[in-house]
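Structure file input.txt; described as compact mmCIF, C-alpha atoms and all ligand atoms.
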# COMPACT_ATOMS: atom_id res chain seq x y z
CA MET A 1267 72.91 -35.46 25.12
CA ILE A 1268 73.39 -38.54 23.09
CA ARG A 1269 72.83 -38.44 19.37
CA SER A 1270 69.65 -40.52 19.30
CA GLN A 1271 68.07 -38.18 21.88
CA ARG A 1272 68.93 -35.19 19.74
CA SER A 1273 67.32 -36.69 16.65
CA CYS A 1274 64.27 -37.62 18.73
CA ILE A 1275 63.87 -33.99 19.78
CA LEU A 1276 64.34 -32.89 16.18
CA VAL A 1277 61.64 -35.26 14.93
CA LEU A 1278 59.32 -34.08 17.73
CA ALA A 1279 59.91 -30.43 16.82
CA VAL A 1280 59.17 -31.15 13.14
CA LEU A 1281 55.99 -33.00 14.11
CA ILE A 1282 54.83 -30.13 16.34
CA GLY A 1283 55.62 -27.70 13.52
CA LEU A 1284 53.61 -29.77 11.04
CA GLY A 1285 50.76 -30.02 13.52
CA LEU A 1286 50.70 -26.27 14.03
CA ALA A 1287 50.77 -25.68 10.27
CA ALA A 1288 47.84 -28.09 9.85
CA ALA A 1289 45.93 -26.30 12.62
CA VAL A 1290 46.49 -22.92 10.94
CA GLU A 1291 45.45 -24.49 7.64
CA ALA A 1292 42.22 -25.72 9.24
CA GLN A 1293 41.52 -22.23 10.55
CA GLU A 1294 42.25 -20.62 7.19
CA PHE A 1295 39.81 -20.22 4.32
CA ALA A 1296 41.20 -19.63 0.85
CA VAL A 1297 39.62 -18.35 -2.34
CA GLY A 1298 42.51 -18.63 -4.77
CA PRO A 1299 45.37 -16.62 -3.28
CA VAL A 1300 43.05 -14.71 -0.89
CA LYS A 1301 43.34 -16.44 2.47
CA ALA A 1302 41.68 -15.41 5.72
CA ARG A 1303 42.18 -16.93 9.16
CA ARG A 1304 39.41 -17.03 11.74
CA GLY A 1305 38.44 -13.53 12.85
CA ASN A 1306 39.97 -11.90 9.77
CA THR A 1307 38.94 -10.03 6.65
CA GLU A 1308 41.19 -10.31 3.61
CA SER A 1309 40.75 -8.75 0.17
CA GLY A 1310 42.69 -9.52 -2.99
CA TYR A 1311 42.53 -10.65 -6.57
CA LEU A 1312 41.57 -13.98 -8.03
CA PRO A 1313 43.58 -14.41 -11.24
CA VAL A 1314 42.01 -15.64 -14.47
CA PRO A 1315 44.81 -17.37 -16.43
CA GLU A 1316 46.08 -15.73 -19.59
CA LYS A 1317 45.41 -17.10 -23.06
CA ASP A 1318 45.88 -15.39 -26.41
CA GLY A 1319 47.24 -12.36 -24.55
CA LEU A 1320 44.07 -11.91 -22.50
CA SER A 1321 43.69 -12.32 -18.77
CA THR A 1322 41.91 -10.53 -15.96
CA LEU A 1323 41.55 -10.37 -12.19
CA ILE A 1324 38.48 -10.81 -10.02
CA PRO A 1325 38.45 -8.64 -6.86
CA VAL A 1326 37.24 -10.64 -3.86
CA THR A 1327 37.02 -10.40 -0.09
CA VAL A 1328 36.97 -13.32 2.32
CA ILE A 1329 35.56 -12.62 5.78
CA ARG A 1330 36.32 -15.58 8.02
CA GLY A 1331 34.17 -15.41 11.14
CA SER A 1332 35.50 -16.25 14.58
CA ASN A 1333 32.79 -18.87 14.94
CA PRO A 1334 32.00 -21.81 12.67
CA GLY A 1335 29.03 -21.63 10.32
CA LYS A 1336 27.94 -21.56 6.70
CA VAL A 1337 29.98 -20.27 3.81
CA LEU A 1338 27.87 -17.77 1.87
CA ALA A 1339 29.04 -16.40 -1.48
CA LEU A 1340 27.68 -13.06 -2.66
CA VAL A 1341 28.50 -12.23 -6.26
CA ALA A 1342 28.13 -8.77 -7.81
CA GLY A 1343 29.06 -7.45 -11.23
CA THR A 1344 28.50 -10.60 -13.30
CA HIS A 1345 27.32 -7.90 -15.68
CA GLY A 1346 29.75 -5.01 -15.30
CA ALA A 1347 27.28 -2.11 -15.62
CA GLU A 1348 25.00 -3.31 -12.81
CA TYR A 1349 26.16 -1.05 -10.00
CA PRO A 1350 23.92 -1.20 -6.88
CA PRO A 1351 25.00 -4.76 -5.92
CA ILE A 1352 28.65 -3.74 -6.42
CA HIS A 1353 28.24 -0.77 -4.04
CA ALA A 1354 26.34 -2.95 -1.56
CA LEU A 1355 29.14 -5.52 -1.23
CA TYR A 1356 31.81 -2.90 -0.48
CA ARG A 1357 29.53 -1.52 2.22
CA LEU A 1358 28.85 -5.00 3.55
CA ARG A 1359 32.58 -5.69 3.89
CA ASP A 1360 32.93 -2.59 6.06
CA ARG A 1361 29.88 -3.47 8.18
CA ILE A 1362 30.77 -7.07 9.02
CA ASP A 1363 32.93 -7.58 12.07
CA PRO A 1364 34.65 -10.97 11.62
CA PHE A 1365 34.72 -11.42 15.42
CA ARG A 1366 30.91 -11.37 15.45
CA LEU A 1367 30.46 -13.45 12.31
CA SER A 1368 29.61 -17.16 12.33
CA GLY A 1369 30.82 -18.83 9.17
CA THR A 1370 32.49 -17.24 6.18
CA LEU A 1371 31.50 -14.67 3.59
CA ILE A 1372 32.95 -14.75 0.11
CA LEU A 1373 32.33 -11.38 -1.55
CA VAL A 1374 32.95 -11.20 -5.28
CA HIS A 1375 33.01 -7.45 -5.76
CA ILE A 1376 33.10 -7.29 -9.56
CA ALA A 1377 32.88 -10.68 -11.26
CA ASN A 1378 33.24 -9.18 -14.72
CA LEU A 1379 35.98 -6.59 -14.50
CA PRO A 1380 36.52 -6.30 -18.30
CA SER A 1381 32.85 -5.37 -18.73
CA PHE A 1382 33.01 -2.93 -15.78
CA GLN A 1383 36.15 -1.26 -17.09
CA LYS A 1384 34.86 -0.89 -20.65
CA ARG A 1385 31.29 -0.07 -19.47
CA THR A 1386 29.70 -2.73 -21.68
CA VAL A 1387 26.13 -4.00 -21.43
CA TYR A 1388 25.57 -7.82 -21.40
CA PHE A 1389 28.88 -8.72 -23.02
CA ASN A 1390 32.55 -9.06 -22.20
CA PRO A 1391 34.26 -6.55 -24.52
CA PHE A 1392 36.95 -9.06 -25.54
CA ASP A 1393 34.96 -12.12 -26.61
CA PHE A 1394 31.41 -10.69 -26.82
CA LYS A 1395 30.09 -13.46 -24.61
CA ASN A 1396 27.56 -12.97 -21.81
CA LEU A 1397 29.31 -14.26 -18.67
CA ASN A 1398 25.98 -15.38 -17.23
CA ARG A 1399 25.37 -17.74 -20.16
CA VAL A 1400 28.70 -19.60 -20.26
CA PHE A 1401 28.78 -21.37 -16.88
CA PRO A 1402 30.32 -23.65 -15.68
CA GLY A 1403 32.99 -22.27 -18.01
CA ASP A 1404 36.01 -23.83 -19.66
CA PRO A 1405 39.67 -23.47 -18.54
CA ASN A 1406 40.74 -23.59 -22.19
CA GLY A 1407 37.98 -21.38 -23.55
CA THR A 1408 37.65 -17.66 -24.24
CA LEU A 1409 38.15 -15.04 -21.52
CA SER A 1410 34.50 -15.19 -20.33
CA GLN A 1411 34.59 -19.00 -20.27
CA ARG A 1412 37.82 -18.95 -18.23
CA MET A 1413 36.31 -16.38 -15.84
CA ALA A 1414 33.26 -18.62 -15.40
CA HIS A 1415 35.54 -21.61 -14.76
CA VAL A 1416 37.48 -19.74 -12.04
CA LEU A 1417 34.22 -18.61 -10.40
CA THR A 1418 32.84 -22.17 -10.55
CA GLU A 1419 35.96 -23.68 -8.97
CA GLU A 1420 36.85 -21.03 -6.41
CA VAL A 1421 33.48 -19.55 -5.45
CA VAL A 1422 30.74 -22.09 -6.23
CA GLY A 1423 33.06 -24.94 -5.27
CA LYS A 1424 33.88 -23.44 -1.87
CA CYS A 1425 30.55 -22.04 -0.71
CA ASP A 1426 27.52 -23.66 0.94
CA ALA A 1427 25.05 -21.17 -0.59
CA LEU A 1428 25.21 -18.37 -3.14
CA ILE A 1429 23.40 -15.20 -4.17
CA ASP A 1430 24.05 -13.94 -7.69
CA MET A 1431 23.23 -10.24 -7.36
CA HIS A 1432 22.12 -8.48 -10.52
CA CYS A 1433 19.98 -5.52 -11.48
CA GLY A 1434 18.74 -3.99 -14.71
CA ASP A 1435 21.77 -3.59 -16.97
CA ALA A 1436 22.65 -0.06 -18.17
CA ASN A 1437 19.92 -0.30 -20.83
CA GLU A 1438 17.21 -1.98 -18.72
CA ALA A 1439 14.44 -0.21 -16.77
CA LEU A 1440 13.65 -2.91 -14.23
CA ILE A 1441 11.58 -3.33 -11.08
CA PRO A 1442 13.22 -5.37 -8.30
CA TYR A 1443 12.56 -9.11 -8.36
CA THR A 1444 14.14 -12.41 -7.39
CA TYR A 1445 14.46 -15.61 -9.40
CA TRP A 1446 13.55 -18.63 -7.29
CA MET A 1447 15.06 -21.44 -9.40
CA LEU A 1448 13.51 -24.73 -8.45
CA GLY A 1449 13.07 -28.27 -9.62
CA GLU A 1450 16.13 -30.05 -8.25
CA THR A 1451 14.93 -31.65 -5.01
CA LYS A 1452 12.20 -30.78 -2.52
CA THR A 1453 14.83 -29.99 0.15
CA MET A 1454 16.70 -27.70 -2.22
CA ASP A 1455 13.47 -25.99 -3.33
CA ASP A 1456 12.52 -25.34 0.30
CA GLN A 1457 15.95 -23.87 1.06
CA THR A 1458 16.00 -21.63 -2.00
CA ARG A 1459 12.41 -20.49 -1.30
CA GLU A 1460 13.47 -19.42 2.19
CA MET A 1461 16.45 -17.55 0.74
CA ALA A 1462 14.24 -15.79 -1.84
CA LEU A 1463 11.78 -14.70 0.86
CA ALA A 1464 14.57 -13.65 3.22
CA PHE A 1465 16.16 -11.41 0.59
CA GLY A 1466 13.03 -9.32 1.02
CA ILE A 1467 12.05 -8.32 -2.52
CA PRO A 1468 8.29 -8.91 -2.87
CA HIS A 1469 8.24 -9.99 -6.55
CA ILE A 1470 9.50 -13.56 -6.81
CA ILE A 1471 9.63 -15.46 -10.09
CA ILE A 1472 8.92 -19.18 -9.76
CA ASP A 1473 11.55 -20.27 -12.25
CA THR A 1474 11.34 -23.87 -13.40
CA GLY A 1475 12.88 -23.33 -16.83
CA ARG A 1476 16.63 -23.54 -16.16
CA THR A 1477 18.72 -26.26 -17.78
CA LYS A 1478 19.50 -29.32 -15.65
CA ASP A 1479 22.70 -30.06 -17.58
CA ILE A 1480 25.58 -29.58 -15.15
CA ARG A 1481 28.05 -29.31 -18.07
CA ASP A 1482 26.02 -26.51 -19.63
CA SER A 1483 24.44 -24.86 -16.60
CA LYS A 1484 24.69 -21.40 -18.27
CA TYR A 1485 23.80 -19.28 -15.23
CA LEU A 1486 25.89 -18.81 -12.08
CA GLY A 1487 22.96 -19.42 -9.71
CA ASN A 1488 21.92 -22.52 -11.63
CA THR A 1489 25.52 -23.78 -11.57
CA ALA A 1490 25.48 -23.60 -7.77
CA ILE A 1491 22.12 -25.40 -7.48
CA LEU A 1492 23.21 -28.21 -9.81
CA ARG A 1493 26.21 -28.68 -7.50
CA GLY A 1494 23.98 -28.97 -4.45
CA LYS A 1495 24.43 -25.40 -3.21
CA PRO A 1496 21.19 -23.44 -2.63
CA ALA A 1497 21.22 -20.23 -4.68
CA ILE A 1498 19.02 -17.36 -5.80
CA THR A 1499 19.44 -14.66 -8.41
CA THR A 1500 18.33 -11.19 -7.39
CA GLU A 1501 17.61 -8.08 -9.44
CA ALA A 1502 17.46 -4.64 -7.79
CA GLY A 1503 18.52 -1.46 -9.58
CA TYR A 1504 18.29 -0.23 -13.17
CA LEU A 1505 19.60 1.80 -16.11
CA GLY A 1506 23.18 2.12 -14.93
CA ARG A 1507 22.10 4.12 -11.88
CA SER A 1508 23.43 3.92 -8.32
CA ASP A 1509 20.29 4.94 -6.40
CA GLU A 1510 20.61 4.71 -2.63
CA ALA A 1511 17.31 2.84 -2.29
CA ASP A 1512 18.56 0.09 -4.63
CA ILE A 1513 21.95 -0.15 -2.93
CA LEU A 1514 20.14 -0.62 0.38
CA LYS A 1515 17.82 -3.29 -1.06
CA ASN A 1516 20.91 -5.27 -2.03
CA LEU A 1517 22.72 -4.63 1.25
CA TYR A 1518 19.77 -5.39 3.53
CA GLY A 1519 18.74 -8.36 1.40
CA ALA A 1520 22.19 -9.92 1.79
CA GLU A 1521 22.23 -9.26 5.54
CA SER A 1522 18.76 -10.74 5.92
CA VAL A 1523 19.90 -13.98 4.23
CA MET A 1524 22.92 -13.99 6.57
CA ARG A 1525 20.46 -13.84 9.48
CA LEU A 1526 18.48 -16.71 7.96
CA PHE A 1527 21.73 -18.72 8.06
CA LYS A 1528 22.47 -17.51 11.61
CA MET A 1529 25.74 -15.93 10.47
CA ILE A 1530 24.93 -12.63 12.23
CA ASP A 1531 22.52 -11.72 15.04
CA GLY A 1532 18.89 -10.95 14.41
CA THR A 1533 15.98 -12.44 12.49
CA PRO A 1534 15.60 -12.15 8.73
CA VAL A 1535 13.20 -9.50 7.43
CA THR A 1536 11.25 -11.53 4.89
CA ALA A 1537 9.08 -10.19 2.07
CA LYS A 1538 5.74 -9.38 3.73
CA ASP A 1539 3.30 -9.87 0.89
CA PRO A 1540 5.23 -11.80 -1.74
CA VAL A 1541 3.91 -11.55 -5.29
CA TRP A 1542 4.60 -14.88 -6.95
CA ILE A 1543 5.15 -14.87 -10.70
CA ASP A 1544 4.39 -18.29 -12.13
CA LYS A 1545 5.18 -17.63 -15.78
CA TYR A 1546 7.53 -15.24 -17.50
CA GLU A 1547 8.66 -14.50 -21.00
CA VAL A 1548 11.52 -12.43 -22.33
CA VAL A 1549 10.49 -10.92 -25.66
CA ASN A 1550 13.40 -10.47 -28.07
CA SER A 1551 13.64 -8.08 -30.99
CA ARG A 1552 13.40 -9.63 -34.44
CA PHE A 1553 15.07 -6.62 -36.07
CA ASP A 1554 18.06 -4.34 -35.68
CA GLY A 1555 17.06 -0.75 -35.16
CA LEU A 1556 15.57 1.49 -32.49
CA PHE A 1557 13.14 0.56 -29.72
CA TYR A 1558 10.31 2.87 -28.66
CA PRO A 1559 8.77 1.66 -25.40
CA ARG A 1560 5.09 2.51 -24.86
CA VAL A 1561 4.82 1.42 -21.23
CA LYS A 1562 6.96 1.86 -18.15
CA MET A 1563 8.67 -0.74 -15.96
CA GLY A 1564 6.21 -2.18 -13.47
CA ALA A 1565 3.18 -1.51 -15.73
CA MET A 1566 0.37 -4.07 -15.87
CA VAL A 1567 -0.44 -4.99 -19.47
CA GLY A 1568 -3.23 -7.02 -21.04
CA GLU A 1569 -2.70 -9.89 -23.47
CA GLY A 1570 -1.97 -8.47 -26.92
CA GLU A 1571 -1.44 -4.93 -25.64
CA ILE A 1572 1.23 -3.02 -27.53
CA VAL A 1573 4.30 -2.68 -25.32
CA GLY A 1574 6.61 -0.92 -27.76
CA ALA A 1575 7.68 -0.59 -31.37
CA VAL A 1576 10.85 -1.23 -33.34
CA ARG A 1577 11.90 1.00 -36.24
CA ASP A 1578 14.85 0.43 -38.57
CA TYR A 1579 17.78 2.83 -38.85
CA LEU A 1580 15.90 4.73 -41.59
CA GLY A 1581 12.95 5.30 -39.25
CA ASN A 1582 10.60 2.77 -40.89
CA LEU A 1583 8.26 0.92 -38.52
CA LYS A 1584 9.29 -2.76 -38.48
CA GLU A 1585 7.10 -4.18 -35.76
CA GLU A 1586 4.76 -3.29 -32.95
CA MET A 1587 5.52 -5.56 -30.04
CA LYS A 1588 2.71 -7.05 -28.00
CA ALA A 1589 2.38 -8.60 -24.58
CA PRO A 1590 2.28 -12.42 -25.01
CA PHE A 1591 -0.08 -12.68 -22.00
CA ALA A 1592 -1.53 -10.42 -19.34
CA GLY A 1593 1.01 -9.52 -16.69
CA LEU A 1594 3.58 -7.22 -15.23
CA ILE A 1595 6.42 -5.53 -17.13
CA LEU A 1596 9.39 -6.72 -15.07
CA TYR A 1597 11.81 -4.82 -17.25
CA ILE A 1598 11.79 -2.92 -20.50
CA ILE A 1599 14.66 -1.56 -22.54
CA GLY A 1600 15.13 2.11 -21.70
CA THR A 1601 17.68 3.12 -24.34
CA PRO A 1602 17.18 3.19 -28.14
CA PRO A 1603 19.30 0.30 -29.51
CA ALA A 1604 17.29 -2.77 -30.51
CA ASN A 1605 19.23 -5.76 -31.81
CA ALA A 1606 17.78 -8.87 -33.44
CA GLY A 1607 17.83 -11.71 -30.91
CA GLU A 1608 18.30 -9.44 -27.89
CA PRO A 1609 15.68 -8.72 -25.20
CA LEU A 1610 13.25 -5.81 -25.36
CA TYR A 1611 11.16 -6.58 -22.29
CA GLU A 1612 10.10 -9.28 -19.85
CA VAL A 1613 6.49 -9.95 -18.89
CA GLY A 1614 5.59 -11.87 -15.74
CA ARG A 1615 2.21 -13.42 -14.94
CA ILE A 1616 1.09 -12.95 -11.36
CA LYS A 1617 0.03 -16.21 -9.71
CA LYS A 1618 -3.62 -16.19 -8.65
ZN ZN B 1 22.73 -8.99 -14.89

Rewrite the coordinates I just gave you, this time as structure tokens.
Ligand SMILES: [Zn+2]
Amino acid sequence: MIRSQRSCILVLAVLIGLGLAAAVEAQEFAVGPVKARRGNTESGYLPVPEKDGLSTLIPVTVIRGSNPGKVLALVAGTHGAEYPPIHALYRLRDRIDPFRLSGTLILVHIANLPSFQKRTVYFNPFDFKNLNRVFPGDPNGTLSQRMAHVLTEEVVGKCDALIDMHCGDANEALIPYTYWMLGETKTMDDQTREMALAFGIPHIIIDTGRTKDIRDSKYLGNTAILRGKPAITTEAGYLGRSDEADILKNLYGAESVMRLFKMIDGTPVTAKDPVWIDKYEVVNSRFDGLFYPRVKMGAMVGEGEIVGAVRDYLGNLKEEMKAPFAGLILYIIGTPPANAGEPLYEVGRIKK
């Protein structure tokens, strides 16, 4: 073999190698270091870079279906003491056969591991920020801001649609409901409405109040919508419990949205008689002290009806809290601490 022939073969081999690598690359879906090829499920950790001695990991699973289709991100544990969605996503991973899946699932098992580990309500124990108020995050910010940035880049950035799965935090007695965030475009509103109905929870809040500032989008679901990715925020579960019924609401809701997107076989089971809530208000405490609820989650209250009372640490009555309008108690704090500026309950008005 003459020398030029040999180098020709060498070049050809390199080209074939590069081509094969590119083909594998095209088949592969990566969320940070977690990479799955078609027909595979891979779990691993998404690192949040260290700063000031603080870093964390975000446990994720990528299920890359054998067939092409949408990329759906399901996020649990944005608040670390909200357990039913967390349970639901581990179960979902075990139920989904990648060979029968069209598209890709990104499962964020516990978005806020510091809060989960330290069992904190609302806040990250290291910077006392609420992860679901600091999106899209900041790579040079505090731990929560860096976590939000990683989630924005690796999860929001790589999905076609997203469900941010919450429930009542460890202090919140809450009935299941879904936030349908709308107001971007008609097409987006139609898509998110379909997702909200497909998730299957009958109470749906028509939520037009989210910020439209992409640099200060605050909420994970809103961050996705402002980047053109249809998203809903769901709430099912309460008071730090892991009730089977709530785990199943989360699991079946997610699967129903997957059916809507034709990622798995079957038709979505949509909410039969949706109850639309066209106005809602979160009532915050004005005082530090103890909260004494007078009504239960899911109660109907009249305008001005007393919903609960706040007493100071010496037991003195500070305020009796009233319903701002007639409606449904979507959630109410179910443990004693009341802190100035923090929620006590949420009232929703049912659309006539
Ligand atoms: Zn939450």

Show me, as a Markdown table, the residues of chain A having an atom within 8 Å of ligand ZN 1 (chain B), each with the closest atom pair and its distance in Å, using only C-alpha atoms and all ligand atoms.
| residue | atom | partner | partner_atom | distance |
| --- | --- | --- | --- | --- |
| A:Gly1343 | CA | B:ZN1 | ZN | 7.5 |
| A:Thr1344 | CA | B:ZN1 | ZN | 6.2 |
| A:His1345 | CA | B:ZN1 | ZN | 4.8 |
| A:Glu1348 | CA | B:ZN1 | ZN | 6.5 |
| A:Tyr1388 | CA | B:ZN1 | ZN | 7.2 |
| A:Asn1398 | CA | B:ZN1 | ZN | 7.5 |
| A:Met1431 | CA | B:ZN1 | ZN | 7.6 |
| A:His1432 | CA | B:ZN1 | ZN | 4.4 |
| A:Cys1433 | CA | B:ZN1 | ZN | 5.6 |
| A:Gly1434 | CA | B:ZN1 | ZN | 6.4 |
| A:Asp1435 | CA | B:ZN1 | ZN | 5.9 |
| A:Glu1501 | CA | B:ZN1 | ZN | 7.5 |

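Interatomic distance, atom CA of A:Ala1377 against atom CA of A:Gly1607: 24.8 Å.
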
So which residues are close to (25.4, -29.0, -3.8), meaning at most 10 Å away in the file's coordinates with only C-alpha atoms counted, and can you show them as JSON, numbers by chain?
-> {"A": [1422, 1423, 1425, 1426, 1427, 1454, 1489, 1490, 1491, 1492, 1493, 1494, 1495, 1496, 1497]}

Name the residues in contact with A:Ile1362 at a cut-off of 10 Å, using all atoms listed in the file, excluding same-chain residues fewer than 4 positions from it; report them as a list in words.
->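 Using all atoms listed in the file, the neighbours found are Thr1307, Ile1329, Gly1331, Arg1357, Leu1358, Arg1366, Leu1367, Leu1371, Glu1521 and Ile1530 of chain A.
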
Have a look at atom CA of A:Ala1347 and atom CA of A:Leu1323 and let me know their distance in Å, one decimal.
->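 Answer for the atom CA of A:Ala1347 to atom CA of A:Leu1323 separation: 16.8 Å.
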
Polymer residues at most 7 Å from stretch 1460-1471 of chain A, all atoms listed in the file, same-chain spacing of 5 or more positions, as a PyMOL selection string | chain A and resi 1442-1446+1498+1519-1520+1522-1523+1526+1534-1537+1539-1544
